[in-house]
file coords-v1.cif (mmCIF, C-alpha atoms and all ligand atoms)
data_protein
#
loop_
_atom_site.label_atom_id
_atom_site.label_comp_id
_atom_site.auth_asym_id
_atom_site.auth_seq_id
_atom_site.Cartn_x
_atom_site.Cartn_y
_atom_site.Cartn_z
CA MET A 1 133.26 48.53 201.85
CA LYS A 2 134.69 48.47 198.31
CA PHE A 3 137.00 51.35 199.28
CA GLU A 4 138.29 49.99 202.59
CA ASN A 5 139.40 46.60 201.26
CA ALA A 6 141.54 47.82 198.36
CA LEU A 7 144.83 46.85 199.98
CA GLN A 8 143.74 43.30 200.79
CA ASP A 9 143.19 42.63 197.09
CA TYR A 10 146.93 42.73 196.51
CA ALA A 11 147.69 39.91 198.94
CA GLY A 12 149.20 36.94 197.08
CA LYS A 13 149.44 38.87 193.78
CA ARG A 14 152.37 39.41 191.42
CA ILE A 15 152.94 43.07 190.77
CA LEU A 16 155.32 45.04 188.58
CA VAL A 17 156.19 48.64 189.40
CA THR A 18 158.25 50.44 186.76
CA GLY A 19 160.11 53.39 188.25
CA GLY A 20 159.69 51.74 191.64
CA ALA A 21 162.75 53.42 193.14
CA GLY A 22 161.36 56.92 192.61
CA CYS A 23 159.43 59.12 194.98
CA ILE A 24 155.99 57.69 194.30
CA GLY A 25 157.23 54.24 193.32
CA SER A 26 159.22 53.59 196.50
CA ASN A 27 156.24 54.49 198.67
CA LEU A 28 153.92 52.36 196.52
CA VAL A 29 156.32 49.42 196.74
CA ARG A 30 156.43 49.68 200.54
CA ALA A 31 152.64 49.61 200.68
CA LEU A 32 152.47 46.59 198.35
CA VAL A 33 154.94 44.46 200.29
CA LYS A 34 153.07 45.38 203.46
CA ALA A 35 149.89 44.22 201.76
CA ASP A 36 151.48 40.75 201.41
CA ALA A 37 151.83 40.74 197.64
CA GLU A 38 153.39 37.45 196.53
CA ARG A 39 156.01 39.24 194.48
CA VAL A 40 156.71 42.90 193.83
CA THR A 41 159.09 43.43 190.93
CA VAL A 42 160.70 46.82 190.50
CA LEU A 43 161.98 47.72 187.05
CA ASP A 44 164.17 50.80 187.36
CA ASP A 45 167.37 52.11 185.80
CA PHE A 46 168.06 54.19 188.95
CA SER A 47 168.57 57.29 186.82
CA SER A 48 166.64 59.46 189.27
CA GLY A 49 165.41 57.16 192.03
CA PRO A 50 168.29 55.71 194.07
CA ARG A 51 168.47 52.01 194.90
CA TRP A 52 168.65 52.78 198.63
CA ASN A 53 165.11 54.16 198.39
CA LEU A 54 163.87 50.56 198.22
CA PRO A 55 163.37 48.41 201.31
CA ASN A 56 165.03 45.01 201.73
CA HIS A 57 162.22 42.52 201.63
CA SER A 58 161.97 38.85 200.69
CA GLN A 59 159.04 39.55 198.34
CA LEU A 60 160.78 42.41 196.53
CA PHE A 61 162.75 41.70 193.34
CA ILE A 62 164.74 44.25 191.40
CA VAL A 63 165.25 44.24 187.65
CA GLU A 64 167.77 46.93 186.87
CA GLY A 65 167.50 48.44 183.41
CA SER A 66 165.49 50.69 181.16
CA VAL A 67 161.90 50.44 179.96
CA LEU A 68 163.50 50.89 176.54
CA SER A 69 165.36 47.59 176.77
CA GLU A 70 163.59 44.46 175.49
CA GLU A 71 165.91 42.31 177.57
CA THR A 72 164.99 44.18 180.75
CA LEU A 73 161.28 44.08 179.92
CA ASN A 74 161.40 40.35 179.16
CA LYS A 75 163.01 39.74 182.53
CA ALA A 76 160.48 41.88 184.40
CA PHE A 77 157.52 40.26 182.65
CA SER A 78 158.86 36.70 182.84
CA VAL A 79 157.07 36.19 186.16
CA ARG A 80 153.75 37.20 184.56
CA PRO A 81 152.69 40.12 186.73
CA GLN A 82 148.96 40.50 187.28
CA TYR A 83 149.18 44.23 187.98
CA VAL A 84 151.45 46.77 186.34
CA PHE A 85 151.97 50.24 187.77
CA HIS A 86 153.85 52.19 185.11
CA LEU A 87 155.63 55.01 186.89
CA ALA A 88 159.02 55.09 185.18
CA ALA A 89 159.53 58.43 183.50
CA HIS A 90 162.06 60.92 182.34
CA PHE A 91 161.40 63.70 184.88
CA ALA A 92 160.24 66.40 184.24
CA ASN A 93 159.52 69.80 182.56
CA GLN A 94 162.92 71.53 182.53
CA SER A 95 164.67 68.25 181.93
CA SER A 96 162.47 67.62 178.90
CA VAL A 97 163.15 71.09 177.50
CA ASP A 98 166.88 70.38 177.83
CA ASN A 99 166.62 66.76 176.57
CA PRO A 100 163.48 66.49 174.41
CA GLU A 101 164.60 63.38 172.52
CA MET A 102 165.34 61.44 175.70
CA ASP A 103 161.95 62.50 177.05
CA LEU A 104 160.21 61.23 173.92
CA MET A 105 162.12 57.95 174.13
CA VAL A 106 161.42 57.17 177.77
CA ASN A 107 157.97 58.69 178.19
CA GLY A 108 156.73 57.93 174.68
CA LEU A 109 158.42 54.76 173.38
CA GLY A 110 159.06 53.42 176.90
CA THR A 111 155.37 53.66 177.76
CA LEU A 112 154.43 52.02 174.45
CA LYS A 113 156.78 49.13 175.18
CA VAL A 114 155.44 48.59 178.71
CA LEU A 115 151.91 48.60 177.25
CA GLN A 116 152.92 46.00 174.63
CA HIS A 117 154.44 43.70 177.23
CA SER A 118 151.45 44.15 179.54
CA THR A 119 149.11 43.16 176.71
CA LEU A 120 151.16 40.05 175.89
CA ALA A 121 151.26 39.12 179.58
CA ASP A 122 147.48 39.53 179.78
CA VAL A 123 147.71 41.67 182.93
CA GLU A 124 144.60 42.25 185.03
CA LYS A 125 145.25 45.97 185.40
CA PHE A 126 147.60 48.55 183.94
CA VAL A 127 147.83 51.76 185.96
CA PHE A 128 149.52 54.70 184.24
CA ALA A 129 151.08 57.60 186.11
CA SER A 130 150.00 60.62 184.11
CA SER A 131 150.21 64.21 185.21
CA GLY A 132 147.42 66.64 185.92
CA CYS A 133 150.10 69.32 185.92
CA SER A 134 150.68 68.43 182.26
CA VAL A 135 147.62 67.55 180.26
CA TYR A 136 145.41 70.56 181.04
CA GLY A 137 147.72 73.20 179.57
CA ASN A 138 147.68 76.76 180.89
CA GLN A 139 144.21 77.93 179.89
CA ALA A 140 141.89 75.47 181.60
CA PRO A 141 139.29 76.82 184.05
CA LEU A 142 139.75 76.08 187.78
CA PRO A 143 139.22 73.73 189.39
CA LEU A 144 140.78 71.49 186.74
CA LYS A 145 138.40 68.76 185.66
CA GLU A 146 139.20 65.57 183.79
CA ASP A 147 137.31 66.38 180.59
CA PHE A 148 139.38 69.48 179.73
CA VAL A 149 142.56 68.36 177.99
CA SER A 150 144.68 70.80 176.00
CA LEU A 151 146.51 70.37 172.71
CA HIS A 152 148.67 73.41 173.52
CA LEU A 153 151.13 72.16 176.08
CA ASP A 154 154.21 73.95 177.38
CA THR A 155 156.97 71.32 177.46
CA PRO A 156 157.95 68.02 175.80
CA TYR A 157 157.33 66.27 179.16
CA GLN A 158 153.72 67.48 179.15
CA ILE A 159 153.27 66.46 175.52
CA HIS A 160 154.70 62.99 176.18
CA LYS A 161 152.56 62.45 179.29
CA LEU A 162 149.53 63.14 177.11
CA LEU A 163 150.99 60.80 174.47
CA GLY A 164 151.20 58.11 177.16
CA GLU A 165 147.52 58.59 177.92
CA LEU A 166 146.64 58.36 174.22
CA HIS A 167 148.58 55.10 173.93
CA CYS A 168 146.82 53.76 177.02
CA ASN A 169 143.46 54.57 175.46
CA PHE A 170 144.47 52.85 172.22
CA PHE A 171 145.59 49.68 174.02
CA SER A 172 142.37 49.69 176.01
CA ALA A 173 140.15 50.12 172.96
CA TYR A 174 142.03 47.89 170.51
CA TYR A 175 143.48 45.12 172.67
CA GLY A 176 141.10 45.31 175.61
CA LEU A 177 143.95 46.06 178.04
CA PRO A 178 142.36 47.04 181.40
CA VAL A 179 143.80 50.51 181.91
CA VAL A 180 143.42 53.20 184.56
CA ILE A 181 145.02 56.63 184.19
CA MET A 182 146.04 58.57 187.28
CA ARG A 183 146.54 62.30 186.84
CA TYR A 184 148.75 63.24 189.77
CA PHE A 185 149.27 66.82 190.90
CA ASN A 186 152.50 68.23 192.41
CA VAL A 187 153.47 65.19 194.43
CA TYR A 188 155.88 65.54 197.36
CA GLY A 189 157.05 63.51 200.31
CA PRO A 190 159.71 61.12 201.59
CA GLY A 191 161.60 59.44 198.74
CA GLU A 192 162.32 62.40 196.47
CA VAL A 193 165.99 63.28 196.33
CA PRO A 194 166.58 66.96 195.40
CA GLY A 195 168.39 67.93 192.21
CA LYS A 196 168.59 70.22 189.22
CA TYR A 197 165.51 68.70 187.63
CA ARG A 198 163.51 67.90 190.76
CA ASN A 199 160.44 69.50 192.31
CA VAL A 200 160.28 72.64 194.36
CA ILE A 201 159.66 71.03 197.77
CA PRO A 202 162.75 68.77 198.01
CA ASN A 203 164.85 71.56 196.51
CA PHE A 204 163.58 74.15 198.99
CA ILE A 205 164.12 71.77 201.92
CA TRP A 206 167.65 70.98 200.77
CA ALA A 207 168.51 74.66 200.29
CA ALA A 208 166.99 75.51 203.69
CA LEU A 209 169.07 72.81 205.38
CA GLN A 210 172.19 74.42 203.85
CA LYS A 211 170.96 77.77 205.27
CA GLN A 212 170.57 79.28 201.80
CA GLN A 213 167.98 81.72 200.46
CA LEU A 214 165.18 79.80 198.77
CA PRO A 215 165.04 80.65 195.05
CA ILE A 216 161.53 81.47 193.81
CA THR A 217 161.16 81.30 190.03
CA GLY A 218 158.40 83.89 189.53
CA THR A 219 156.56 86.25 191.83
CA GLY A 220 155.87 83.68 194.54
CA GLU A 221 152.14 84.37 194.22
CA GLU A 222 151.80 81.36 191.89
CA THR A 223 149.82 78.51 193.46
CA ARG A 224 150.16 74.75 193.16
CA ASP A 225 148.06 71.83 194.37
CA PHE A 226 150.69 70.03 196.46
CA THR A 227 149.72 66.44 197.22
CA PHE A 228 151.39 64.26 199.82
CA VAL A 229 152.73 60.97 198.51
CA ASP A 230 150.79 58.78 200.97
CA ASP A 231 147.55 60.15 199.53
CA ILE A 232 148.84 59.46 196.02
CA VAL A 233 149.70 55.87 196.97
CA ASP A 234 146.33 55.33 198.63
CA ALA A 235 144.50 56.51 195.49
CA THR A 236 146.75 54.48 193.18
CA LEU A 237 146.16 51.27 195.11
CA LYS A 238 142.43 51.86 195.03
CA ALA A 239 142.50 52.60 191.32
CA GLY A 240 144.19 49.26 190.68
CA VAL A 241 141.38 47.21 192.15
CA ILE A 242 138.13 49.19 192.14
CA PRO A 243 136.21 48.05 189.04
CA GLU A 244 134.58 51.44 188.43
CA ALA A 245 138.01 53.00 187.80
CA LEU A 246 138.54 50.90 184.69
CA GLY A 247 139.02 53.00 181.56
CA GLU A 248 138.95 56.26 183.51
CA ALA A 249 141.40 59.14 183.85
CA ILE A 250 141.25 60.45 187.41
CA ASN A 251 142.76 63.53 189.08
CA ILE A 252 144.58 62.85 192.32
CA ALA A 253 145.33 66.05 194.20
CA SER A 254 144.85 67.77 197.53
CA GLU A 255 142.26 70.22 196.18
CA THR A 256 144.12 72.97 198.03
CA GLU A 257 146.10 75.84 196.54
CA THR A 258 149.33 76.88 198.23
CA LYS A 259 151.30 79.94 197.16
CA VAL A 260 154.95 79.23 196.43
CA VAL A 261 156.05 82.09 198.70
CA ASP A 262 153.98 80.65 201.56
CA LEU A 263 155.54 77.26 200.91
CA ALA A 264 159.01 78.79 201.11
CA ASN A 265 158.19 80.56 204.36
CA MET A 266 156.78 77.35 205.88
CA ILE A 267 159.96 75.46 204.97
CA ASN A 268 162.22 78.21 206.33
CA GLU A 269 160.27 78.16 209.58
CA LEU A 270 160.38 74.36 209.89
CA THR A 271 164.13 74.30 209.31
CA ALA A 272 164.88 77.44 211.34
CA ASN A 273 166.45 79.00 208.24
CA ASP A 274 166.71 82.78 208.69
CA ASN A 275 167.91 83.49 205.18
CA GLY A 276 164.54 84.09 203.57
CA VAL A 277 163.85 83.89 199.86
CA LYS A 278 165.23 85.36 196.67
CA PHE A 279 163.41 85.95 193.41
CA VAL A 280 165.03 84.50 190.32
CA GLY A 281 163.79 84.58 186.73
CA ARG A 282 160.59 82.81 185.77
CA ARG A 283 161.21 79.76 183.61
CA LYS A 284 160.05 80.50 180.06
CA TRP A 285 157.84 77.42 179.82
CA ASP A 286 156.23 77.89 183.24
CA LYS A 287 153.04 79.75 182.43
CA ILE A 288 150.72 78.41 185.10
CA VAL A 289 149.75 81.08 187.62
CA ARG A 290 147.25 79.05 189.63
CA ARG A 291 146.71 75.32 189.86
CA ARG A 292 143.93 73.57 191.73
CA ALA A 293 142.33 70.28 190.75
CA SER A 294 138.84 68.99 191.15
CA ILE A 295 138.93 65.63 192.91
CA GLU A 296 135.18 65.08 192.69
CA LYS A 297 135.69 62.11 190.35
CA ALA A 298 138.29 60.48 192.62
CA ARG A 299 136.03 60.91 195.62
CA LYS A 300 133.13 59.31 193.77
CA ILE A 301 134.91 56.42 192.08
CA LEU A 302 137.72 55.66 194.54
CA GLY A 303 136.38 57.02 197.81
CA TYR A 304 139.57 59.09 197.74
CA ASP A 305 139.91 61.57 200.56
CA PRO A 306 143.30 63.26 200.94
CA LYS A 307 144.41 63.05 204.54
CA THR A 308 147.69 64.97 204.82
CA GLY A 309 147.71 68.76 204.85
CA ILE A 310 150.73 70.72 203.67
CA LYS A 311 152.18 71.47 207.12
CA GLU A 312 152.04 67.84 208.26
CA GLY A 313 153.35 66.63 204.89
CA LEU A 314 156.29 69.03 204.98
CA LYS A 315 157.17 67.92 208.50
CA LYS A 316 157.18 64.25 207.43
CA THR A 317 159.28 65.10 204.36
CA LEU A 318 161.78 67.04 206.46
CA ASP A 319 162.04 64.11 208.91
CA TRP A 320 162.97 61.87 205.97
CA PHE A 321 165.64 64.36 204.87
CA LEU A 322 167.12 64.49 208.35
CA GLN A 323 167.15 60.69 208.67
CA ASN A 324 168.80 60.20 205.25
CA ARG A 325 170.93 63.32 204.94
CA ASP A 326 174.21 61.63 203.97
CA LYS A 327 172.64 59.35 201.38
CA ILE A 328 170.65 62.23 199.92
CA GLU A 329 173.77 64.35 199.63
CA LYS A 330 175.54 61.57 197.70
CA SER A 331 172.58 60.96 195.34
CA ALA A 332 171.48 64.56 194.67
CA ARG A 333 172.37 65.76 191.19
CA PHE A 334 172.54 69.54 190.81
N1 LIG A 401 156.17 63.89 191.30
C1 LIG A 401 155.19 64.55 190.70
O1 LIG A 401 154.90 65.70 191.07
C2 LIG A 401 154.38 63.91 189.61
C3 LIG A 401 153.23 64.58 189.16
C4 LIG A 401 152.52 64.01 188.13
C5 LIG A 401 152.91 62.81 187.56
N2 LIG A 401 154.03 62.19 188.01
C6 LIG A 401 154.43 60.94 187.36
O2 LIG A 401 154.49 59.91 188.35
C7 LIG A 401 155.54 59.01 188.05
C8 LIG A 401 156.48 58.88 189.23
O3 LIG A 401 156.95 60.17 189.59
P1 LIG A 401 158.04 60.39 190.71
O4 LIG A 401 157.82 61.71 191.29
O5 LIG A 401 158.10 59.21 191.60
O6 LIG A 401 159.33 60.47 189.79
P2 LIG A 401 160.78 59.86 190.05
O7 LIG A 401 161.70 60.51 189.07
O8 LIG A 401 161.11 59.97 191.48
O9 LIG A 401 160.58 58.33 189.67
C9 LIG A 401 160.70 57.85 188.37
C10 LIG A 401 161.53 56.59 188.43
O10 LIG A 401 161.70 56.11 187.09
C11 LIG A 401 163.04 55.70 186.93
N3 LIG A 401 163.37 55.80 185.51
C12 LIG A 401 163.63 56.90 184.78
N4 LIG A 401 163.88 56.57 183.51
C13 LIG A 401 163.78 55.21 183.43
C14 LIG A 401 163.93 54.28 182.39
N5 LIG A 401 164.25 54.66 181.14
N6 LIG A 401 163.72 52.96 182.65
C15 LIG A 401 163.41 52.55 183.92
N7 LIG A 401 163.27 53.40 184.95
C16 LIG A 401 163.44 54.72 184.70
C17 LIG A 401 163.86 56.63 187.79
O11 LIG A 401 165.12 56.11 188.16
C18 LIG A 401 162.94 56.81 188.99
O12 LIG A 401 163.21 55.84 189.99
C19 LIG A 401 156.23 59.54 186.80
O13 LIG A 401 155.69 58.87 185.69
C20 LIG A 401 155.83 61.00 186.77
O14 LIG A 401 155.80 61.50 185.46
C21 LIG A 401 154.77 62.71 189.05
#
call {"tool": "encode", "arguments": {"input": "coords-v1.cif", "output": "structure tokens", "more": "lines below"}}
Ligand SMILES: NC(=O)c1ccc[n+]([C@@H]2O[C@H](COP(=O)([O-])OP(=O)(O)OC[C@H]3O[C@@H](n4cnc5c(N)ncnc54)[C@H](O)[C@@H]3O)[C@@H](O)[C@H]2O)c1
result
Amino acid sequence: MKFENALQDYAGKRILVTGGAGCIGSNLVRALVKADAERVTVLDDFSSGPRWNLPNHSQLFIVEGSVLSEETLNKAFSVRPQYVFHLAAHFANQSSVDNPEMDLMVNGLGTLKVLQHSTLADVEKFVFASSGCSVYGNQAPLPLKEDFVSLHLDTPYQIHKLLGELHCNFFSAYYGLPVVIMRYFNVYGPGEVPGKYRNVIPNFIWAALQKQQLPITGTGEETRDFTFVDDIVDATLKAGVIPEALGEAINIASETETKVVDLANMINELTANDNGVKFVGRRKWDKIVRRRASIEKARKILGYDPKTGIKEGLKKTLDWFLQNRDKIEKSARF
């Protein structure tokens, strides 16, 4: 019962989604307007999520600007949101290696500022998008469980995601801010435009649609726990309203390992791309050979049960690419 009704709890509520134009954010925003939220405010600077990713809806309001800008934050918080989903981020590993200061600003200071404003606004729940691909480092035993967090991380992005969690915990303990931390794993789905700094799935699909060889950075035997965005959104909505989630950090994953070479072959098959794969150099920071999360905690607290397997998820993602091909081409930054 407590699990089934999660969506209804957002009806009539005022909600702020930072980074709402991104892959996860745009899908979350769609779910929230469908749930009859009174007002969904998106704060986004559109640096990686395009504006066209957002639906036109009378309950949706856009505040364009950065989480680093007091003026933008004042505007977004002026309507006193009851729920804040903080998803805005400088994305992701390679980008943070190339631009570590920007990563610290957006993912460190930006998160601190959103926490400060949320505390002043007395929000009912603050949900933070952390990363299970970040905080466990490269030595943790599989499946990855929430209590193993590493101090030896591989990129500034990973360090700053952990910093965000530490700030969340401080605001919870010191100011009593009601916080939930979501540790997402390898999210994919409609809404993610490919690009130099984007994830493997949109980039493979885009390359396959151009009939190119898919570039594998490593041996291809590496595994990841790819999680479809609808499952991520479902868990995030539940985390916002289920009381037992309060103060917790929770893995959200598919609990399934997929080899990168198998992923590439699936995408080539789906797109009828005969050009196969090519092996390019491993990225120096990318030390994770296998990744699989435990979602025992999410099952227990949230009633989370991932529904979309990799083949179905890839098909839905490809459909989105085909429907939005021109817009994607204009927005992709390689
Ligand atoms: N996609 C994944 O695999 C994954 C995995 C773990 C955690 N996460 C986290 O989940 C969140 C959402 O991820 P996503 O995949 O949707 O990423 P995304 O890049 O698609 O979305 C992030 C959004 O934040 C916006 N943004 C960036 N800098 C900003 C700034 N300074 N001010 C305001 N907005 C800004 C971007 O324009 C974009 O719309 C991020 O915090 C990310 O770190 C994602």
call {"tool": "residues_near_point", "arguments": {"input": "coords-v1.cif", "point": "(165.0, 49.5, 186.7)", "cutoff": "10 Å", "atoms": "all atoms listed in the file", "output": "tab-separated table (two decimals) with C-alpha atoms, in the frame of the given file"}}
result
chain	number	residue	atom	x	y	z
A	17	VAL	CA	156.19	48.64	189.40
A	18	THR	CA	158.25	50.44	186.76
A	19	GLY	CA	160.11	53.39	188.25
A	20	GLY	CA	159.69	51.74	191.64
A	21	ALA	CA	162.75	53.42	193.14
A	41	THR	CA	159.09	43.43	190.93
A	42	VAL	CA	160.70	46.82	190.50
A	43	LEU	CA	161.98	47.72	187.05
A	44	ASP	CA	164.17	50.80	187.36
A	45	ASP	CA	167.37	52.11	185.80
A	46	PHE	CA	168.06	54.19	188.95
A	47	SER	CA	168.57	57.29	186.82
A	49	GLY	CA	165.41	57.16	192.03
A	51	ARG	CA	168.47	52.01	194.90
A	62	ILE	CA	164.74	44.25	191.40
A	63	VAL	CA	165.25	44.24	187.65
A	64	GLU	CA	167.77	46.93	186.87
A	65	GLY	CA	167.50	48.44	183.41
A	66	SER	CA	165.49	50.69	181.16
A	67	VAL	CA	161.90	50.44	179.96
A	72	THR	CA	164.99	44.18	180.75
A	73	LEU	CA	161.28	44.08	179.92
A	76	ALA	CA	160.48	41.88	184.40
A	88	ALA	CA	159.02	55.09	185.18
call {"tool": "residues_around", "arguments": {"input": "coords-v1.cif", "residues": "Leu16 in chain A", "least_positions_apart": "2", "cutoff": "12 Å", "atoms": "all atoms listed in the file", "output": "ChimeraX atom specification"}}
result
/A:10,13-14,18-20,25,28-29,32-33,37-44,59-63,73,75-88,114,117-118,121,123-127
call {"tool": "closest_residue", "arguments": {"input": "coords-v1.cif", "among": "A:Phe226, A:Tyr184, A:Tyr136, A:Phe148", "to": "ligand LIG 401 (chain A)", "atoms": "only C-alpha atoms and all ligand atoms"}}
result
A:Tyr184
call {"tool": "atom_distance", "arguments": {"input": "coords-v1.cif", "atom1": "CA of Lys307 in chain A", "atom2": "CA of Gly247 in chain A"}}
result
25.7 Å
call {"tool": "atom_distance", "arguments": {"input": "coords-v1.cif", "atom1": "CA of Phe185 in chain A", "atom2": "atom C21 of ligand LIG 401 (chain A)"}}
result
7.1 Å
call {"tool": "closest_residue", "arguments": {"input": "coords-v1.cif", "among": "A:Ala173, A:Ile201, A:Val97, A:Leu151", "to": "ligand LIG 401 (chain A)", "atoms": "only C-alpha atoms and all ligand atoms"}}
result
A:Ile201
call {"tool": "closest_residue", "arguments": {"input": "coords-v1.cif", "among": "A:Thr217, A:Ser134, A:Gln212, A:Ser254", "to": "Asn275 in chain A", "atoms": "only C-alpha atoms"}}
result
A:Gln212
call {"tool": "residues_near_point", "arguments": {"input": "coords-v1.cif", "point": "(132.3, 54.3, 184.3)", "cutoff": "12 Å", "atoms": "all atoms listed in the file", "output": "count of residues only"}}
result
15
call {"tool": "closest_residue", "arguments": {"input": "coords-v1.cif", "among": "A:Pro190, A:Gly137, A:His90, A:Leu237", "to": "Tyr157 in chain A", "atoms": "only C-alpha atoms"}}
result
A:His90
call {"tool": "atom_distance", "arguments": {"input": "coords-v1.cif", "atom1": "CA of Lys259 in chain A", "atom2": "CA of Glu312 in chain A"}}
result
16.4 Å
call {"tool": "residues_around", "arguments": {"input": "coords-v1.cif", "residues": "Arg30 in chain A", "least_positions_apart": "5", "cutoff": "9 Å", "atoms": "all atoms listed in the file", "output": "list in words"}}
result
Gly25, Ala35, Leu54 and Pro55 of chain A
call {"tool": "closest_residue", "arguments": {"input": "coords-v1.cif", "among": "A:Asp9, A:Asp36, A:Asp225, A:Glu255", "to": "ligand LIG 401 (chain A)", "atoms": "all atoms listed in the file"}}
result
A:Asp225
call {"tool": "residues_around", "arguments": {"input": "coords-v1.cif", "residues": "Arg292 in chain A", "least_positions_apart": "3", "cutoff": "12 Å", "atoms": "only C-alpha atoms", "output": "number ranges by chain"}}
result
A: 132-133, 136, 138, 140-145, 184-186, 222-227, 251-259, 288-289, 295
call {"tool": "closest_residue", "arguments": {"input": "coords-v1.cif", "among": "A:Thr155, A:Gln139, A:Ser58, A:Ser131", "to": "Asn93 in chain A", "atoms": "all atoms listed in the file"}}
result
A:Thr155
call {"tool": "residues_around", "arguments": {"input": "coords-v1.cif", "residues": "Pro202 in chain A", "least_positions_apart": "5", "cutoff": "9 Å", "atoms": "only C-alpha atoms", "output": "number ranges by chain"}}
result
A: 188-190, 192-195, 207, 317-318, 321
call {"tool": "decode", "arguments": {"input": "coords-v1.cif", "residues": "range 147-205 of chain A", "atoms": "C-alpha atoms", "output": "PDB file, in the first residue's frame"}}
result
ATOM      1  CA  ASP A 147      27.802   0.790   3.683  1.00  0.00           C
ATOM      2  CA  PHE A 148      31.028   0.504   1.647  1.00  0.00           C
ATOM      3  CA  VAL A 149      32.140   3.987   0.644  1.00  0.00           C
ATOM      4  CA  SER A 150      35.675   4.647  -0.559  1.00  0.00           C
ATOM      5  CA  LEU A 151      38.009   7.555   0.124  1.00  0.00           C
ATOM      6  CA  HIS A 152      40.086   6.607  -2.926  1.00  0.00           C
ATOM      7  CA  LEU A 153      38.046   7.778  -5.861  1.00  0.00           C
ATOM      8  CA  ASP A 154      39.116   7.973  -9.486  1.00  0.00           C
ATOM      9  CA  THR A 155      37.843  11.331 -10.761  1.00  0.00           C
ATOM     10  CA  PRO A 156      36.874  14.797  -9.475  1.00  0.00           C
ATOM     11  CA  TYR A 157      33.228  14.002 -10.413  1.00  0.00           C
ATOM     12  CA  GLN A 158      33.271  10.988  -8.096  1.00  0.00           C
ATOM     13  CA  ILE A 159      34.897  12.998  -5.316  1.00  0.00           C
ATOM     14  CA  HIS A 160      32.346  15.801  -5.663  1.00  0.00           C
ATOM     15  CA  LYS A 161      29.379  13.399  -5.710  1.00  0.00           C
ATOM     16  CA  LEU A 162      30.648  12.053  -2.393  1.00  0.00           C
ATOM     17  CA  LEU A 163      31.121  15.650  -1.197  1.00  0.00           C
ATOM     18  CA  GLY A 164      27.463  16.277  -2.075  1.00  0.00           C
ATOM     19  CA  GLU A 165      26.448  13.330   0.087  1.00  0.00           C
ATOM     20  CA  LEU A 166      28.580  14.601   2.975  1.00  0.00           C
ATOM     21  CA  HIS A 167      26.934  18.024   2.731  1.00  0.00           C
ATOM     22  CA  CYS A 168      23.505  16.373   2.671  1.00  0.00           C
ATOM     23  CA  ASN A 169      24.364  14.475   5.838  1.00  0.00           C
ATOM     24  CA  PHE A 170      25.574  17.659   7.521  1.00  0.00           C
ATOM     25  CA  PHE A 171      22.393  19.566   6.640  1.00  0.00           C
ATOM     26  CA  SER A 172      20.321  16.647   7.884  1.00  0.00           C
ATOM     27  CA  ALA A 173      22.178  16.368  11.190  1.00  0.00           C
ATOM     28  CA  TYR A 174      22.692  20.074  11.919  1.00  0.00           C
ATOM     29  CA  TYR A 175      19.615  21.762  10.454  1.00  0.00           C
ATOM     30  CA  GLY A 176      17.225  18.821  10.462  1.00  0.00           C
ATOM     31  CA  LEU A 177      16.757  19.023   6.676  1.00  0.00           C
ATOM     32  CA  PRO A 178      14.823  15.890   5.594  1.00  0.00           C
ATOM     33  CA  VAL A 179      17.235  14.344   3.116  1.00  0.00           C
ATOM     34  CA  VAL A 180      17.252  11.197   0.995  1.00  0.00           C
ATOM     35  CA  ILE A 181      20.271  10.183  -1.075  1.00  0.00           C
ATOM     36  CA  MET A 182      19.782   8.183  -4.253  1.00  0.00           C
ATOM     37  CA  ARG A 183      22.811   6.321  -5.565  1.00  0.00           C
ATOM     38  CA  TYR A 184      22.000   5.776  -9.216  1.00  0.00           C
ATOM     39  CA  PHE A 185      23.868   3.302 -11.409  1.00  0.00           C
ATOM     40  CA  ASN A 186      24.573   3.744 -15.157  1.00  0.00           C
ATOM     41  CA  VAL A 187      21.298   5.369 -16.084  1.00  0.00           C
ATOM     42  CA  TYR A 188      20.113   5.330 -19.711  1.00  0.00           C
ATOM     43  CA  GLY A 189      16.961   6.017 -21.657  1.00  0.00           C
ATOM     44  CA  PRO A 190      15.027   8.620 -23.630  1.00  0.00           C
ATOM     45  CA  GLY A 191      16.196  12.152 -22.844  1.00  0.00           C
ATOM     46  CA  GLU A 192      19.969  11.751 -23.002  1.00  0.00           C
ATOM     47  CA  VAL A 193      21.516  13.546 -25.945  1.00  0.00           C
ATOM     48  CA  PRO A 194      24.861  11.994 -27.017  1.00  0.00           C
ATOM     49  CA  GLY A 195      28.102  13.944 -26.816  1.00  0.00           C
ATOM     50  CA  LYS A 196      31.773  13.966 -25.948  1.00  0.00           C
ATOM     51  CA  TYR A 197      31.077  13.730 -22.236  1.00  0.00           C
ATOM     52  CA  ARG A 198      27.956  11.572 -22.320  1.00  0.00           C
ATOM     53  CA  ASN A 199      27.336   7.943 -21.436  1.00  0.00           C
ATOM     54  CA  VAL A 200      28.118   4.906 -23.509  1.00  0.00           C
ATOM     55  CA  ILE A 201      24.550   4.006 -24.527  1.00  0.00           C
ATOM     56  CA  PRO A 202      23.506   7.265 -26.249  1.00  0.00           C
ATOM     57  CA  ASN A 203      26.946   7.482 -27.835  1.00  0.00           C
ATOM     58  CA  PHE A 204      26.805   3.915 -29.162  1.00  0.00           C
ATOM     59  CA  ILE A 205      23.285   4.443 -30.512  1.00  0.00           C
TER      60      ILE A 205
END
